[in-house]
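To keep things clear, I will list the structure first and then write my remarks on it.
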Amino acid sequence: MNDPAAPSSPPSPADFGFRVEHRLSSGGSAGSSGDPLGRTGTIRTPHGDIQTPAFIPVGTKATVKSLLPATVRELGGQAVLANAYHLFLQPGSDLVDEAGGLGAFMNWDGPTFTDSGGFQVMSLGVGFKKVISMAESAHSGSEVIAKNKERLAHVDEDGVTFKSFLNGDKHRFTPEVSMRIQHELGADIMFAFDECTTLLNTRAYQEDSVARTERWAVRCLDEHARQTTSRSHRPYQALFGVVQGAQYEDLRRSAAAGLAGLRGAEAADQEFDGFGIGGALEKRDLGTIVGWVSDELPDAKPRHLLGISEPDDLFAAIAAGADTFDCVAPSRQARGGSMYSPTGRINAKAATQRRRFEPLDAECDCFTCENYTAAYLHHLFKAKEMLASTLATIHNERYIVRLVDRIRASIVDGTFAELREEVLGRQYGAEFAREAAERAITPTASRQ
C-alpha cells in the first residue's frame, strides 16, 4: 500500500506542530512561573491531528491485540503506538518500510508512534517479561536482574548488545540503529534511544545513565537529520527526546533542561520536536515528577508520558502537564478478564457474573456494553473463546480513551477538579480522591 501522506516536497519539521488551546484553571500543578502546567492542545502530524490530552492505545506488533484497526478508531483511538524492538525482530523494519510504513502495513490511516526499544531491551534483557517486578529481582549497584534469569542485554557507551527473546540471536542497538529502524517503520512520532533504569540502580549509576542518555540523544538528533534528508519520499517524522532521572528531582530537572536545549553535533539546527517522560518512578510520586519535568520543558512542545493508564495516574499526570500517554495495561488486563468500571475493577470470570443479564458497565457506551451482557462475556471467558478478548479489550480501551476525553473536556469547561473528585471518589473512595487533590496542588517549583 502507498502512503497517502507521502510528501511532494522534502519532509520538514514544519510538517509537525503543536498548539496549546486551554489551560487548567484549578486543581493542577503550577510551574516555577506560577502558570498552570495542565493544558489541552492539538498535535499536528502528516496523518492527522491528535486532540490532547489523549490516551494512545498500544499496538506492540503492529496490532492492538484482538482488535481491528477500524475498531480502534470506532472506540475513539486517535493514534496507535507500536514497538520498535518487537517489529525489528519480527517481521523486520525493512519489510514494514517496503510495505509503505507502519500505518499502511497495518491498515491504520491515523497518526502512529513508535518507541525506541530501550525499555524492552532493558526489561527483557534483565529477565523480566511484561512488567518489572522488583520483588523478584536481585541487584548490585548498576546491575539489576530477575532472580534465576540469564542477563540478555549489556549496556556500554556505544549502545546495547542483547539476545533476542525469540530465538537467542545476538543483536546490537545503538542510537543510530534505533533511528534507522524507526525511520523504516515510518511512525509520525518516534523516540530517541535511551537507557531505562530501575529504582534499584544506585544514585551514582542513575547519574551516569542520565549523562549517557543525553550523549545518545545528540547522536539520535544527528542520525534523525541524516535519515530525514535521505528519505525524502516519506512524510516528516517527529523525534521526541526522553527524560530519565528516576525519583531524583535534580536529575529529572537537569535531564529535561538539557534535552530542551540540545542540538545535534553535526546537524546544529536539529532539535527535538517534543519530549517523552520515562524511566522508573514510584506511583505516589508520579504527578510530582511529571511536574518537575514539565516545568523545565518548553511550553510549546508536546510531552508524552510512557506507560501510564490507571485513572488516578491519568488525573495526576494531566494536572502536572503531560499531553499524551500509552500503556498496554487496558488490553492486557482485558485478556485476563479484569475489566474497568466506575466503581472499581470487575472480574468477568467471577461466579457473580454468570447470571448477570445486563451490561458489564451500565454507564459505558462501548460496543460491548451496548450489545452484550456480563453473563455472555463470562461464558466466553470460561469457554476460552477468542471473542472474549475482543469484547473485553473494546470495553477497557474505550473506558480509558473516554475517561481522558472527559478530562480534556473538563479542562475546557473548568470542571477538572469536580470530575477528578467524582471519578476517583467512586473508583477508590472519597479519602483517596481528597489525597489525590492535595498532591496535585503541591507546588512543583521547589528545587533540591
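Quick note on naming: the chains in the C-alpha cells go A, B, ... in the order shown, residues restart at 1 in each chain, and ligands are numbered from 1 in order of appearance.
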Mind dumping a table of every range 58-99 of chain A residue within 12 Å of range 393-406 of chain A, with the nearest atom pair and its distance in Å to one decimal, using only C-alpha atoms, sorted by chain and rising number, as CSV?
```
residue,atom,partner,partner_atom,distance
A:Val58,CA,A:Glu397,CA,9.7
A:Gly59,CA,A:Glu397,CA,11.8
A:Val64,CA,A:Thr393,CA,9.0
A:Lys65,CA,A:Thr393,CA,8.1
A:Ser66,CA,A:Thr393,CA,7.4
A:Leu67,CA,A:Ile394,CA,7.5
A:Leu68,CA,A:Ile394,CA,10.1
A:Pro69,CA,A:Ile394,CA,11.5
A:Ala70,CA,A:Ile394,CA,11.5
A:Thr71,CA,A:Ile394,CA,7.8
A:Val72,CA,A:Ile394,CA,7.9
A:Arg73,CA,A:Arg398,CA,10.2
A:Glu74,CA,A:Arg398,CA,9.1
A:Leu75,CA,A:Arg398,CA,5.3
A:Gly76,CA,A:Val401,CA,6.4
A:Gly77,CA,A:Val401,CA,6.7
A:Gln78,CA,A:Val401,CA,9.1
A:Ala79,CA,A:Val401,CA,11.0
A:Val80,CA,A:Glu397,CA,11.7
```
What's the 10 Å shell around Ala316 in chain A, counting only C-alpha atoms, without same-chain residues fewer than 3 positions away, as an MDAnalysis selection string?
chainID A and resid 27:29 38 284:288 290:291 311:313 319:322 420 436:437 439:441
Which neighbours of range 42-44 of chain A fall inside 12 Å, counting only C-alpha atoms, when residues of the same chain fewer than 4 positions from it are skipped, and could you give them as number ranges by chain?
A: 13-22, 48-54, 78-79, 110-112, 188-189, 236-238, 273-274, 300-304, 323-324, 408
Residues just named, written with C-alpha atoms as a tab-separated table (two decimals), in the first residue's frame:
```tsv
chain	number	residue	atom	x	y	z
A	13	PRO	CA	9.92	19.80	10.81
A	14	ALA	CA	7.29	22.35	9.75
A	15	ASP	CA	5.07	19.38	8.84
A	16	PHE	CA	4.71	18.64	12.56
A	17	GLY	CA	3.30	21.02	15.12
A	18	PHE	CA	1.64	21.56	18.49
A	19	ARG	CA	-0.51	24.33	19.86
A	20	VAL	CA	-1.81	24.85	23.39
A	21	GLU	CA	-5.50	25.72	23.45
A	22	HIS	CA	-6.74	25.77	27.07
A	48	GLY	CA	-3.93	13.75	11.11
A	49	ASP	CA	-4.38	15.70	14.33
A	50	ILE	CA	-4.37	14.43	17.91
A	51	GLN	CA	-6.51	16.31	20.41
A	52	THR	CA	-4.73	16.35	23.76
A	53	PRO	CA	-4.74	15.11	26.45
A	54	ALA	CA	-5.06	11.78	24.65
A	78	GLN	CA	-6.74	8.85	17.80
A	79	ALA	CA	-3.36	7.18	17.25
A	110	GLY	CA	-4.25	7.84	11.57
A	111	PRO	CA	-1.14	9.06	13.41
A	112	THR	CA	1.34	6.49	14.69
A	188	ASP	CA	4.73	10.10	12.79
A	189	ILE	CA	6.28	10.35	16.27
A	236	TYR	CA	8.38	14.06	8.22
A	237	GLN	CA	8.74	12.02	11.40
A	238	ALA	CA	8.89	13.93	14.68
A	273	ASP	CA	10.03	18.13	18.33
A	274	GLY	CA	8.65	17.01	21.69
A	300	ALA	CA	5.21	24.99	23.05
A	301	LYS	CA	6.17	21.33	22.59
A	302	PRO	CA	4.15	18.20	23.47
A	303	ARG	CA	5.01	15.86	26.36
A	304	HIS	CA	4.32	12.13	26.24
A	323	ASP	CA	-0.27	15.65	26.99
A	324	THR	CA	-0.33	12.05	25.72
A	408	ARG	CA	-9.93	17.09	28.24
```
Taking 3 positions as the minimum chain separation for residues in the same chain, which residues sit within 6 Å of range 353-357 of chain A when counting only C-alpha atoms? Answer as a ChimeraX atom specification.
/A:350,373-375,378
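Nearest-residue note for Ala383 in chain A: choosing from A:Ser93, A:Arg215, A:Lys349, A:Ala62, the minimum distance belongs to A:Lys349, counting only C-alpha atoms.
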Can you check which residues of range 240-444 of chain A DSSP gives as alpha helix (DSSP H) on the backbone and send them as a PyMOL selection string?
chain A and resi 249-260+286-296+311-319+329-335+367-371+374-382+387-413+416-428+430-440
Deliver the residues from the most recent selection as a file, using C-alpha atoms, as an mmCIF file, in the first residue's frame.
```
data_model
loop_
_atom_site.group_PDB
_atom_site.id
_atom_site.type_symbol
_atom_site.label_atom_id
_atom_site.label_comp_id
_atom_site.auth_asym_id
_atom_site.auth_seq_id
_atom_site.Cartn_x
_atom_site.Cartn_y
_atom_site.Cartn_z
ATOM 1 C CA GLU A 249 14.368 15.990 41.371
ATOM 2 C CA ASP A 250 17.756 17.412 40.422
ATOM 3 C CA LEU A 251 18.382 14.645 37.865
ATOM 4 C CA ARG A 252 14.911 14.935 36.336
ATOM 5 C CA ARG A 253 15.124 18.703 36.080
ATOM 6 C CA SER A 254 18.655 18.753 34.677
ATOM 7 C CA ALA A 255 17.819 15.977 32.196
ATOM 8 C CA ALA A 256 14.730 17.864 30.988
ATOM 9 C CA ALA A 257 16.535 21.202 30.719
ATOM 10 C CA GLY A 258 19.450 19.536 28.940
ATOM 11 C CA LEU A 259 17.252 17.872 26.333
ATOM 12 C CA ALA A 260 15.200 21.045 25.838
ATOM 13 C CA LEU A 286 4.123 10.344 39.550
ATOM 14 C CA GLY A 287 2.421 13.743 39.464
ATOM 15 C CA THR A 288 5.293 15.412 41.300
ATOM 16 C CA ILE A 289 7.903 14.009 38.901
ATOM 17 C CA VAL A 290 5.876 14.915 35.816
ATOM 18 C CA GLY A 291 5.521 18.410 37.277
ATOM 19 C CA TRP A 292 9.298 18.793 37.708
ATOM 20 C CA VAL A 293 9.872 17.735 34.126
ATOM 21 C CA SER A 294 7.044 19.835 32.639
ATOM 22 C CA ASP A 295 8.359 22.870 34.497
ATOM 23 C CA GLU A 296 11.697 22.567 32.663
ATOM 24 C CA PRO A 311 -7.369 6.526 36.239
ATOM 25 C CA ASP A 312 -5.614 8.131 39.217
ATOM 26 C CA ASP A 313 -2.325 8.306 37.305
ATOM 27 C CA LEU A 314 -4.035 9.977 34.354
ATOM 28 C CA PHE A 315 -5.526 12.733 36.513
ATOM 29 C CA ALA A 316 -2.196 13.296 38.276
ATOM 30 C CA ALA A 317 -0.166 13.391 35.076
ATOM 31 C CA ILE A 318 -2.554 15.650 33.171
ATOM 32 C CA ALA A 319 -2.704 18.092 36.085
ATOM 33 C CA ALA A 329 -2.466 -2.442 30.598
ATOM 34 C CA PRO A 330 -6.031 -1.923 29.289
ATOM 35 C CA SER A 331 -5.695 -4.607 26.605
ATOM 36 C CA ARG A 332 -3.533 -6.979 28.668
ATOM 37 C CA GLN A 333 -5.852 -6.855 31.664
ATOM 38 C CA ALA A 334 -8.874 -7.284 29.411
ATOM 39 C CA ARG A 335 -7.477 -10.533 28.037
ATOM 40 C CA PHE A 367 -19.905 -1.670 21.581
ATOM 41 C CA THR A 368 -19.527 -4.480 24.110
ATOM 42 C CA CYS A 369 -21.668 -2.914 26.833
ATOM 43 C CA GLU A 370 -24.325 -1.778 24.345
ATOM 44 C CA ASN A 371 -24.704 -5.218 22.739
ATOM 45 C CA ALA A 374 -21.906 -9.666 31.573
ATOM 46 C CA ALA A 375 -23.223 -13.252 31.570
ATOM 47 C CA TYR A 376 -22.267 -13.720 27.913
ATOM 48 C CA LEU A 377 -18.787 -12.285 28.489
ATOM 49 C CA HIS A 378 -18.387 -14.613 31.494
ATOM 50 C CA HIS A 379 -19.372 -17.556 29.274
ATOM 51 C CA LEU A 380 -16.826 -16.593 26.606
ATOM 52 C CA PHE A 381 -14.001 -16.462 29.124
ATOM 53 C CA LYS A 382 -14.979 -19.741 30.751
ATOM 54 C CA LEU A 387 -14.268 -13.395 21.181
ATOM 55 C CA ALA A 388 -13.796 -12.853 24.926
ATOM 56 C CA SER A 389 -10.535 -10.980 24.308
ATOM 57 C CA THR A 390 -12.089 -8.848 21.570
ATOM 58 C CA LEU A 391 -15.151 -7.759 23.528
ATOM 59 C CA ALA A 392 -13.203 -7.230 26.761
ATOM 60 C CA THR A 393 -10.481 -5.207 25.026
ATOM 61 C CA ILE A 394 -13.055 -2.996 23.306
ATOM 62 C CA HIS A 395 -14.501 -2.155 26.713
ATOM 63 C CA ASN A 396 -11.220 -1.471 28.528
ATOM 64 C CA GLU A 397 -9.701 0.606 25.735
ATOM 65 C CA ARG A 398 -12.908 2.603 25.356
ATOM 66 C CA TYR A 399 -13.120 3.153 29.108
ATOM 67 C CA ILE A 400 -9.666 4.765 29.267
ATOM 68 C CA VAL A 401 -9.972 6.668 25.979
ATOM 69 C CA ARG A 402 -13.335 8.049 27.075
ATOM 70 C CA LEU A 403 -12.038 8.985 30.519
ATOM 71 C CA VAL A 404 -9.204 11.034 29.002
ATOM 72 C CA ASP A 405 -11.696 12.620 26.594
ATOM 73 C CA ARG A 406 -13.808 13.625 29.600
ATOM 74 C CA ILE A 407 -10.753 15.055 31.340
ATOM 75 C CA ARG A 408 -9.931 17.086 28.239
ATOM 76 C CA ALA A 409 -13.477 18.468 28.145
ATOM 77 C CA SER A 410 -13.323 19.288 31.871
ATOM 78 C CA ILE A 411 -10.210 21.432 31.346
ATOM 79 C CA VAL A 412 -12.076 23.379 28.663
ATOM 80 C CA ASP A 413 -15.207 23.961 30.749
ATOM 81 C CA PHE A 416 -11.482 19.356 36.160
ATOM 82 C CA ALA A 417 -11.360 19.327 39.970
ATOM 83 C CA GLU A 418 -15.007 18.263 40.214
ATOM 84 C CA LEU A 419 -14.522 15.475 37.672
ATOM 85 C CA ARG A 420 -11.439 14.201 39.490
ATOM 86 C CA GLU A 421 -13.290 14.110 42.799
ATOM 87 C CA GLU A 422 -16.225 12.281 41.230
ATOM 88 C CA VAL A 423 -14.214 9.703 39.268
ATOM 89 C CA LEU A 424 -11.567 8.932 41.881
ATOM 90 C CA GLY A 425 -14.102 9.015 44.712
ATOM 91 C CA ARG A 426 -16.197 6.337 43.035
ATOM 92 C CA GLN A 427 -13.188 4.355 41.864
ATOM 93 C CA TYR A 428 -11.058 4.376 45.005
ATOM 94 C CA ALA A 430 -13.563 9.721 48.922
ATOM 95 C CA GLU A 431 -10.425 9.821 51.086
ATOM 96 C CA PHE A 432 -8.250 8.729 48.173
ATOM 97 C CA ALA A 433 -9.805 11.451 45.986
ATOM 98 C CA ARG A 434 -9.048 14.120 48.606
ATOM 99 C CA GLU A 435 -5.446 12.955 48.931
ATOM 100 C CA ALA A 436 -5.059 12.998 45.141
ATOM 101 C CA ALA A 437 -6.285 16.583 45.020
ATOM 102 C CA GLU A 438 -3.900 17.624 47.777
ATOM 103 C CA ARG A 439 -0.946 16.030 45.980
ATOM 104 C CA ALA A 440 -1.887 17.739 42.714
#
```
Range 169-173 of chain A environment, 12 Å, only C-alpha atoms, sequence neighbours closer than 3 positions dropped, as a CSV table (one decimal) with N, CA and C atoms, in the first residue's frame:
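Result file around.csv:
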```csv
chain,number,residue,atom,x,y,z
A,84,ALA,N,9.3,-0.7,18.5
A,84,ALA,CA,10.5,-0.8,17.6
A,84,ALA,C,11.2,-2.1,17.8
A,85,TYR,N,11.4,-2.5,19.0
A,85,TYR,CA,12.2,-3.7,19.4
A,85,TYR,C,11.5,-4.9,18.8
A,88,PHE,N,11.4,-4.9,14.9
A,88,PHE,CA,12.7,-5.2,14.4
A,88,PHE,C,13.0,-6.7,14.4
A,89,LEU,N,12.6,-7.3,15.4
A,89,LEU,CA,12.8,-8.8,15.5
A,89,LEU,C,11.9,-9.5,14.5
A,116,SER,N,11.5,3.6,21.2
A,116,SER,CA,12.9,3.4,20.7
A,116,SER,C,13.3,1.9,20.8
A,117,GLY,N,12.7,1.2,21.7
A,117,GLY,CA,13.2,-0.2,22.0
A,117,GLY,C,14.0,-0.2,23.3
A,118,GLY,N,14.3,0.9,23.9
A,118,GLY,CA,15.1,1.0,25.0
A,118,GLY,C,14.6,0.3,26.2
A,119,PHE,N,13.2,0.4,26.5
A,119,PHE,CA,12.6,-0.2,27.6
A,119,PHE,C,12.6,-1.7,27.5
A,120,GLN,N,12.3,-2.2,26.3
A,120,GLN,CA,12.2,-3.7,26.1
A,120,GLN,C,13.6,-4.3,26.2
A,121,VAL,N,14.6,-3.6,25.6
A,121,VAL,CA,16.0,-4.1,25.7
A,121,VAL,C,16.4,-4.3,27.2
A,122,MET,N,16.0,-3.3,28.0
A,122,MET,CA,16.3,-3.4,29.4
A,122,MET,C,15.5,-4.4,30.2
A,125,GLY,N,16.0,-7.8,28.8
A,125,GLY,CA,17.4,-8.1,29.0
A,125,GLY,C,17.7,-8.6,30.4
A,152,LEU,N,20.2,-10.9,29.4
A,152,LEU,CA,20.2,-10.9,27.9
A,152,LEU,C,20.7,-9.6,27.3
A,153,ALA,N,21.0,-8.6,28.1
A,153,ALA,CA,21.4,-7.3,27.5
A,153,ALA,C,22.5,-6.7,28.3
A,154,HIS,N,23.4,-6.0,27.6
A,154,HIS,CA,24.6,-5.4,28.2
A,154,HIS,C,24.7,-4.0,27.6
A,155,VAL,N,24.8,-3.0,28.5
A,155,VAL,CA,24.9,-1.6,28.1
A,155,VAL,C,26.4,-1.2,28.1
A,156,ASP,N,26.8,-0.5,27.1
A,156,ASP,CA,28.1,0.2,27.1
A,156,ASP,C,27.9,1.6,26.5
A,157,GLU,N,29.0,2.3,26.4
A,157,GLU,CA,28.9,3.7,26.0
A,157,GLU,C,28.3,3.8,24.6
A,158,ASP,N,28.5,2.9,23.7
A,158,ASP,CA,28.1,3.0,22.3
A,158,ASP,C,26.7,2.5,22.1
A,159,GLY,N,26.2,1.6,23.0
A,159,GLY,CA,24.8,1.1,22.8
A,159,GLY,C,24.5,-0.1,23.7
A,160,VAL,N,23.7,-1.0,23.2
A,160,VAL,CA,23.3,-2.2,23.9
A,160,VAL,C,23.4,-3.4,23.1
A,161,THR,N,24.1,-4.4,23.6
A,161,THR,CA,24.1,-5.7,22.9
A,161,THR,C,23.1,-6.7,23.6
A,162,PHE,N,22.2,-7.3,22.9
A,162,PHE,CA,21.2,-8.1,23.5
A,162,PHE,C,20.9,-9.4,22.7
A,163,LYS,N,20.4,-10.4,23.4
A,163,LYS,CA,19.9,-11.6,22.7
A,163,LYS,C,18.4,-11.5,22.5
A,164,SER,N,18.0,-12.0,21.3
A,164,SER,CA,16.6,-12.0,21.0
A,164,SER,C,15.8,-12.9,22.0
A,165,PHE,N,14.7,-12.5,22.5
A,165,PHE,CA,13.9,-13.3,23.4
A,165,PHE,C,13.2,-14.4,22.5
A,166,LEU,N,13.2,-14.2,21.2
A,166,LEU,CA,12.5,-15.2,20.3
A,166,LEU,C,13.4,-16.4,20.1
A,176,GLU,N,22.0,5.2,16.5
A,176,GLU,CA,21.9,5.2,15.1
A,176,GLU,C,21.0,4.1,14.5
A,177,VAL,N,21.2,2.9,15.1
A,177,VAL,CA,20.4,1.8,14.7
A,177,VAL,C,18.9,2.0,15.0
A,178,SER,N,18.6,2.5,16.2
A,178,SER,CA,17.3,2.8,16.7
A,178,SER,C,16.6,3.8,15.7
A,179,MET,N,17.4,4.8,15.4
A,179,MET,CA,16.8,5.8,14.4
A,179,MET,C,16.5,5.2,13.1
A,180,ARG,N,17.4,4.4,12.6
A,180,ARG,CA,17.2,3.8,11.3
A,180,ARG,C,16.0,2.9,11.3
A,181,ILE,N,15.9,2.1,12.3
A,181,ILE,CA,14.7,1.2,12.5
A,181,ILE,C,13.4,2.0,12.5
A,182,GLN,N,13.4,3.0,13.3
A,182,GLN,CA,12.2,3.8,13.5
A,182,GLN,C,11.8,4.6,12.2
A,192,ALA,N,13.8,9.1,21.0
A,192,ALA,CA,15.3,8.9,21.0
A,192,ALA,C,15.6,7.7,21.8
A,193,PHE,N,16.7,7.0,21.4
A,193,PHE,CA,17.2,5.8,22.2
A,193,PHE,C,17.7,6.2,23.5
A,194,ASP,N,17.2,5.6,24.6
A,194,ASP,CA,17.6,6.0,25.9
A,194,ASP,C,17.9,4.7,26.7
A,195,GLU,N,18.5,4.9,27.9
A,195,GLU,CA,18.7,3.8,28.8
A,195,GLU,C,17.6,3.9,29.9
A,216,TRP,N,23.6,10.0,23.9
A,216,TRP,CA,22.9,9.2,22.9
A,216,TRP,C,21.9,10.1,22.2
A,220,CYS,N,21.2,10.6,18.3
A,220,CYS,CA,19.9,10.4,17.7
A,220,CYS,C,19.5,11.6,16.8
```
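Secondary structure by DSSP on the backbone puts the following residues of range 224-349 of chain A in strand (DSSP E or B): Ala238, Leu239, Phe240, Gly241, Val242, Val243, Gly274, Phe275, Gly276, Ile277, Arg303, His304, Leu305, Leu306, Thr324, Phe325, Asp326, Cys327, Ser338, Met339, Ile346 and Asn347 of chain A.
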Quick one: everything within 12 Å of Glu266 in chain A, counting only C-alpha atoms, minus sequence neighbours fewer than 5 positions away in the same chain. Send it as an NGL selection string.
:A and (218-226 or 271)
May I have the selected residues written with C-alpha atoms, as a compact mmCIF listing (two decimals), in the first residue's frame?
```txt
# COMPACT_ATOMS: atom_id res chain seq x y z
CA VAL A 218 22.81 14.03 20.38
CA ARG A 219 23.62 11.03 18.20
CA CYS A 220 19.89 10.43 17.66
CA LEU A 221 19.43 14.03 16.52
CA ASP A 222 22.28 13.70 14.01
CA GLU A 223 21.07 10.37 12.63
CA HIS A 224 17.50 11.65 12.51
CA ALA A 225 18.67 14.56 10.35
CA ARG A 226 20.54 12.19 8.03
CA GLU A 271 16.26 19.84 17.86
```
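If you look at CA of Thr45 in chain A and CA of Ile308 in chain A, they are 22.4 Å away from each other.
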